[in-house]
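Below is one structure, written out as structure tokens, with a few remarks after it.
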Amino acid sequence: MPTIAMLDPFGRTISYLRVSVTDRCDFRCVYCMAEDMTFLPKAELLSLEELDRLCSTFIRMGVRKLRLTGGEPLVRRGIMTLIDSLGRHLNTGDLDELTLTTNGSQLEKYAALLAAAGVRRINVSLDTLQADKFTALTRWGKLDKVMAGLQAAKAAGLQIKINAVALRGINDNEFDDLIAWCGEEGFDLVLIEVMPMGEIGDAARLDQYLPLSMARAQIQRHWTLDETDYRTGGPARYYVVRETGRRLGFITPMTHNFCESCNRVRLTCTGTLYMCLGQNDAADLRTPLRQSENDALLEAAIREAIARKPKGHDFVIDRRQRTAAVPRHMSVTGG
Ligand code: SAM
Ligand code: SF4
């Protein structure tokens with residue numbers, strides 16, 4: 001049990017840690033990565049043992065929810081060692097939830113193992129139900145592999161939330177299909193506005209950006225969205241689709257400020273802590289981690305970092321500059 005909760009300067013309790021366990025991925029989604037991405041040299045990555053120690057320190061300091069992400073978390077070699085080990089905090093009751101965000105490509109192999117480790121819910125990113133479009137969007141992905149992974153996750157009893165980035169002219173004609181399909185499969189669905197993170201080459205963000213207010217208006221022509229106060233502690237606003245009974249969430253960083261209730265911080269696979277997804281300030285935790293076997297230096301560095309968590313982000317898709325508001329890619333901090 002934590003002795004003193006982590007409170008930021010605005011009185012927000014930090015209880016949610018997202019960890020990007022690798023910056024690598026087996027896809028190259030057009031809004032996330034350039035095709036010729038350069039990844040970190042393996043030597044710069046924290047070991048699985050170091051990641052465990054960092055996560056466990058955060059849990060001791062009051063983190064109740066841990067999400068593993070990436071890059072693609074399930075392509076990190078030996079990832080189940082880390083997940084199995086972190087599961088011990090669920091057993092002691094020090095952690096409420098251990099979960100992950102994945103592109104689903106490896107789920108067929110891992111779903112049952114994840115469930116056995118104590119994972120109950122996962123987020124799977126899927127922007128389209130059309131195989132050709134899926135391959136065009138992910139550059140390297142195969143839709144049938146992800147679909148098989150989803151069935152394996154269902155069979156393992158995992159609750160599934162589908163994350164879809166809303167992309168103008170790409171999947172904005174598929175919202176009805178996604179809602180109907182999620183209804184049939186028993187999945188919740190969250191639509192996400194594209195965020196200006198990292199240079200992605202030729203696919204200009206301005207062309208991809210679709211305000212979700214427009215998506216919602218379009219959806220409401222065919223579906224009844226009932227208001228709900230359901231929250232997951234995250235930035236999504238949820239509705240219940242009356243016709244399917246499933247939840248539909250909207251994450252709107254560009255048109256709506258969701259920062260007031262932010263309870264999270266993000267750790268990269270090199271041990272850098274970002275206090276805000278949309279700001280560049282970061283704290284190095286690798287040095288204090290490696291400086292001593294005792295966690296005192298690490299705890300002090302974490303407290304010092306939380307003390308400068310900013311009030312919020314200032315994402316803007318700049319029409320004049322056409323450059324990314326935040327230079328790092330989403331795969332670094334994991335979304
Ligand atoms: N590879 C895993 C996956 O795709 O689920 C986890 C990491 S991925 C970076 C996490 C989420 O960020 C995915 O749902 C992805 O669609 C989203 N994402 C990536 N780049 C984004 C961007 N520029 N704007 C909004 N969402 C983005
Ligand atoms: Fe990989 Fe996820 Fe980024 Fe797609 S969104 S390239 S799956 S990290």
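Chain lettering (A, B, ...) mirrors the order of the structure tokens, residue numbering begins at 1 for each chain separately, and ligand numbering begins at 1 in order of display.
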Show me which residues line ligand 1, defined as having an atom within 9 Å of a ligand atom where only C-alpha atoms and all ligand atoms count, and present them as a PyMOL selection string. chain A and resi 20+23-27+29-33+68-74+100-104+123-127+162-166+192-198+200+205+253+329-335
Could you list, as a ChimeraX atom specification, every residue within 9 Å of Asp176 in chain A, counting only C-alpha atoms and ignoring same-chain residues fewer than 2 positions away? /A:173-174,178-181,219,222-223
With C-alpha atoms retained, export the selected residues as a compact mmCIF listing (two decimals), in the first residue's frame.
# COMPACT_ATOMS: atom_id res chain seq x y z
CA ASN A 173 -17.69 5.62 -44.52
CA GLU A 174 -17.28 2.65 -42.18
CA LEU A 178 -17.84 -0.83 -37.20
CA ILE A 179 -20.72 -0.11 -34.80
CA ALA A 180 -22.82 -2.99 -36.16
CA TRP A 181 -19.88 -5.41 -36.09
CA ILE A 219 -23.41 8.26 -36.74
CA HIS A 222 -28.52 5.79 -38.10
CA TRP A 223 -27.97 5.05 -34.41
Return as a ChimeraX atom specification the full set of residues in range 32-144 of chain A whose backbone-based DSSP assignment is alpha helix (DSSP H). /A:48-60,79-86,88-92,107-117,131-138,143-144
Per residue of range 143-166 of chain A within 12 Å of range 96-99 of chain A, which atom pair is closest and at what distance in Å (one decimal), using only C-alpha atoms, listed by chain and increasing number, as a Markdown table?
| residue | atom | partner | partner_atom | distance |
| --- | --- | --- | --- | --- |
| A:Leu158 | CA | A:Thr99 | CA | 10.2 |
| A:Gln159 | CA | A:Thr99 | CA | 10.4 |
| A:Ile160 | CA | A:Thr99 | CA | 10.7 |
| A:Lys161 | CA | A:Thr99 | CA | 11.3 |
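Rounded to one decimal, CA of Gln151 in chain A and CA of Glu108 in chain A lie 7.8 Å from each other.
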With distances taken over only C-alpha atoms, which of A:Thr138, A:Arg64, A:Arg328, A:Ala116 is nearest to Ala5 in chain A? A:Arg64
Kindly indicate which residue among A:Arg12, A:Arg53, A:Arg139, A:Lys133 lies nearest to ligand 2, using only C-alpha atoms and all ligand atoms for the distances.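 Between A:Arg12, A:Arg53, A:Arg139, A:Lys133, the residue approaching ligand 2 most closely is A:Arg139.
The nearest approach to Thr268 in chain A among the residues A:Lys311, A:Arg247, A:Arg18, A:Arg290, with only C-alpha atoms taken into account, belongs to A:Arg18.
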Ranking A:Thr92, A:Thr135, A:Cys55, A:Ala111 by minimum distance to ligand 2 and counting only C-alpha atoms and all ligand atoms, which one comes first?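 Between A:Thr92, A:Thr135, A:Cys55, A:Ala111, the residue approaching ligand 2 most closely is A:Thr135.
CA of Glu260 in chain A lies 12.8 Å from CA of Ala236 in chain A.
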DSSP on the backbone, strand (DSSP E or B) only: what residues of range 33-187 of chain A does that give? Format it as a PyMOL selection string. chain A and resi 65-69+97-102+121-125+159-167
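With only C-alpha atoms and all ligand atoms as the basis for measurement, A:Phe134 is the residue among A:Asn91, A:Phe134, A:Asp295, A:Gly11 that approaches ligand 2 most closely.
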With distances taken over only C-alpha atoms and all ligand atoms, which residue among A:Gly78, A:Pro41, A:Gly141, A:Gly186 lies nearest ligand 2?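 Distance minimum relative to ligand 2 lands on A:Gly141.
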Report, in Å with one decimal, the straight-line distance from CA of Gly118 in chain A to CA of Leu95 in chain A. 10.8 Å
For Pro9 in chain A: contacts at 12 Å, only C-alpha atoms, fewer than 6 positions along chain excluded, given as a PDB file with C-alpha atoms, in the first residue's frame:
ATOM      1  CA  MET A 275       4.051  13.626 -17.611  1.00  0.00           C
ATOM      2  CA  ARG A 303       8.096  12.502  -7.110  1.00  0.00           C
ATOM      3  CA  GLU A 304      10.142  15.328  -8.579  1.00  0.00           C
ATOM      4  CA  ALA A 305       8.728  14.571 -12.050  1.00  0.00           C
ATOM      5  CA  ILE A 306       5.113  14.372 -10.878  1.00  0.00           C
ATOM      6  CA  ALA A 307       5.596  17.738  -9.188  1.00  0.00           C
ATOM      7  CA  ARG A 308       6.010  19.282 -12.627  1.00  0.00           C
ATOM      8  CA  LYS A 309       3.182  17.553 -14.459  1.00  0.00           C
ATOM      9  CA  PRO A 310       1.717  20.269 -16.678  1.00  0.00           C
ATOM     10  CA  LYS A 311      -1.894  21.339 -16.612  1.00  0.00           C
ATOM     11  CA  GLY A 312      -2.588  20.097 -20.127  1.00  0.00           C
TER      12      GLY A 312
END
Long-range neighbours of Asp144 in chain A as a tab-separated table (two decimals) with all heavy atoms, in the first residue's frame, 10 Å cut-off, only C-alpha atoms, 2 positions minimum in chain:
chain	number	residue	atom	x	y	z
A	105	SER	N	-2.12	-8.45	-33.85
A	105	SER	CA	-1.48	-9.39	-34.78
A	105	SER	C	-0.96	-10.65	-34.09
A	105	SER	O	-0.86	-11.70	-34.72
A	105	SER	CB	-0.33	-8.69	-35.51
A	105	SER	OG	0.71	-8.42	-34.59
A	129	LEU	N	-12.69	-2.62	-41.48
A	129	LEU	CA	-13.06	-4.04	-41.58
A	129	LEU	C	-12.80	-4.56	-42.99
A	129	LEU	O	-13.17	-5.69	-43.31
A	129	LEU	CB	-14.55	-4.20	-41.23
A	129	LEU	CG	-14.90	-3.85	-39.77
A	129	LEU	CD1	-16.40	-3.82	-39.56
A	129	LEU	CD2	-14.24	-4.85	-38.82
A	131	ALA	N	-10.26	-5.77	-45.82
A	131	ALA	CA	-8.91	-6.34	-45.83
A	131	ALA	C	-7.91	-5.49	-46.65
A	131	ALA	O	-6.79	-5.25	-46.19
A	131	ALA	CB	-8.95	-7.77	-46.37
A	134	PHE	N	-7.21	-2.31	-44.87
A	134	PHE	CA	-6.43	-2.59	-43.66
A	134	PHE	C	-4.94	-2.68	-44.01
A	134	PHE	O	-4.09	-2.10	-43.35
A	134	PHE	CB	-6.90	-3.90	-43.01
A	134	PHE	CG	-6.20	-4.22	-41.73
A	134	PHE	CD1	-6.59	-3.60	-40.55
A	134	PHE	CD2	-5.14	-5.11	-41.69
A	134	PHE	CE1	-5.92	-3.87	-39.35
A	134	PHE	CE2	-4.48	-5.39	-40.51
A	134	PHE	CZ	-4.87	-4.76	-39.34
A	141	GLY	N	0.09	-5.02	-42.33
A	141	GLY	CA	-0.80	-5.88	-41.55
A	141	GLY	C	-1.72	-6.75	-42.41
A	141	GLY	O	-1.99	-6.45	-43.57
A	142	LYS	N	-2.17	-7.85	-41.81
A	142	LYS	CA	-3.15	-8.75	-42.46
A	142	LYS	C	-4.39	-8.80	-41.58
A	142	LYS	O	-4.32	-9.22	-40.42
A	142	LYS	CB	-2.58	-10.17	-42.59
A	142	LYS	CG	-1.35	-10.26	-43.48
A	142	LYS	CD	-1.75	-10.59	-44.92
A	142	LYS	CE	-0.56	-10.76	-45.83
A	142	LYS	NZ	0.24	-9.52	-46.01
A	146	VAL	N	-5.58	-10.51	-37.50
A	146	VAL	CA	-6.15	-9.75	-36.39
A	146	VAL	C	-7.51	-10.32	-36.00
A	146	VAL	O	-7.83	-10.47	-34.81
A	146	VAL	CB	-6.26	-8.25	-36.76
A	146	VAL	CG1	-6.97	-7.47	-35.66
A	146	VAL	CG2	-4.87	-7.68	-37.01
A	147	MET	N	-8.30	-10.68	-37.01
A	147	MET	CA	-9.62	-11.25	-36.73
A	147	MET	C	-9.47	-12.57	-35.96
A	147	MET	O	-10.22	-12.84	-35.02
A	147	MET	CB	-10.39	-11.50	-38.04
A	147	MET	CG	-10.86	-10.21	-38.68
A	147	MET	SD	-12.01	-9.36	-37.57
A	147	MET	CE	-12.34	-7.88	-38.48
A	148	ALA	N	-8.51	-13.38	-36.34
A	148	ALA	CA	-8.28	-14.65	-35.63
A	148	ALA	C	-7.83	-14.35	-34.19
A	148	ALA	O	-8.25	-15.02	-33.24
A	148	ALA	CB	-7.22	-15.47	-36.36
A	149	GLY	N	-7.03	-13.32	-34.04
A	149	GLY	CA	-6.57	-12.92	-32.71
A	149	GLY	C	-7.75	-12.48	-31.84
A	149	GLY	O	-7.82	-12.81	-30.65
A	150	LEU	N	-8.65	-11.73	-32.44
A	150	LEU	CA	-9.83	-11.26	-31.69
A	150	LEU	C	-10.69	-12.44	-31.24
A	150	LEU	O	-11.19	-12.45	-30.11
A	150	LEU	CB	-10.65	-10.30	-32.55
A	150	LEU	CG	-10.07	-8.88	-32.66
A	150	LEU	CD1	-10.73	-8.11	-33.78
A	150	LEU	CD2	-10.23	-8.14	-31.34
